[in-house]
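Everything below concerns the one structure shown next.
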Amino acid sequence: MRKTLADLPPISPERAAELRAMAERPDSEIDLGEAPELDAEGWRNAIPGKFFRPLKTQITIRVDKDVLHWLKSGGSGYQSRLNAILREAMVREQKDETARQPKAEAISA
C-alpha cells in the first residue's frame, strides 16, 4: 500500500504551529537523554544495512532442474535463498571491481 501526502489527514493549525516552533529550536535544545548520539566507539559494532529492505521485483527465470531441486531441498524459502546467493555474488563482484580500480594518487602540495 502506498501513501502520498494527499492521503494524510490535514494538520491542525495548532499542530502546524507546534511543528514550526520545534523546527526553529536550535539543536542544542534537543534532549538526547533517551537517544544519545553515538560516537566512534558506539558505531564500532554497527551492522551496515541491517534494517535495509530493498524493493522486490517479480520475475520469471529459467534454472536447471537440478539447481531448483537443490534450492527447494532446503525447505520453504528457496526464493529467499536464491536471492541471498545472487546478492552474495553481486557484492563479491562489486568488491572485486572496487579493488581493481586504480587508487587516486595522493596530491602533494
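Residues are referred to by chain and number: the chain letter is A, B, ... according to the order shown in the C-alpha cells, the number counts from 1 in that chain, and ligands are numbered separately from 1 in the order shown.
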Among region 37-95 of chain A, which residues does DSSP mark as helix (DSSP H, G or I) when it is run on the backbone? Keep the chain and numbering as in the structure and answer as a PyMOL selection string. chain A and resi 40-43+65-72+78-95
Polymer residues at most 12 Å from region 57-63 of chain A, only C-alpha atoms, same-chain spacing of 5 or more positions, as a VMD selection string: chain A and resid 68 to 71 79 82 to 83
Interatomic distance between CA of Arg87 (chain A) and CA of Arg2 (chain A)? 26.3 Å
Could you state the separation of CA of Leu55 (chain A) and CA of Arg81 (chain A) in Å, given to one decimal place?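 Separation between CA of Leu55 (chain A) and CA of Arg81 (chain A): 16.2 Å.
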Coordinates-based distance that separates CA of Lys3 (chain A) from CA of Arg20 (chain A) (Å, one decimal): 23.3 Å
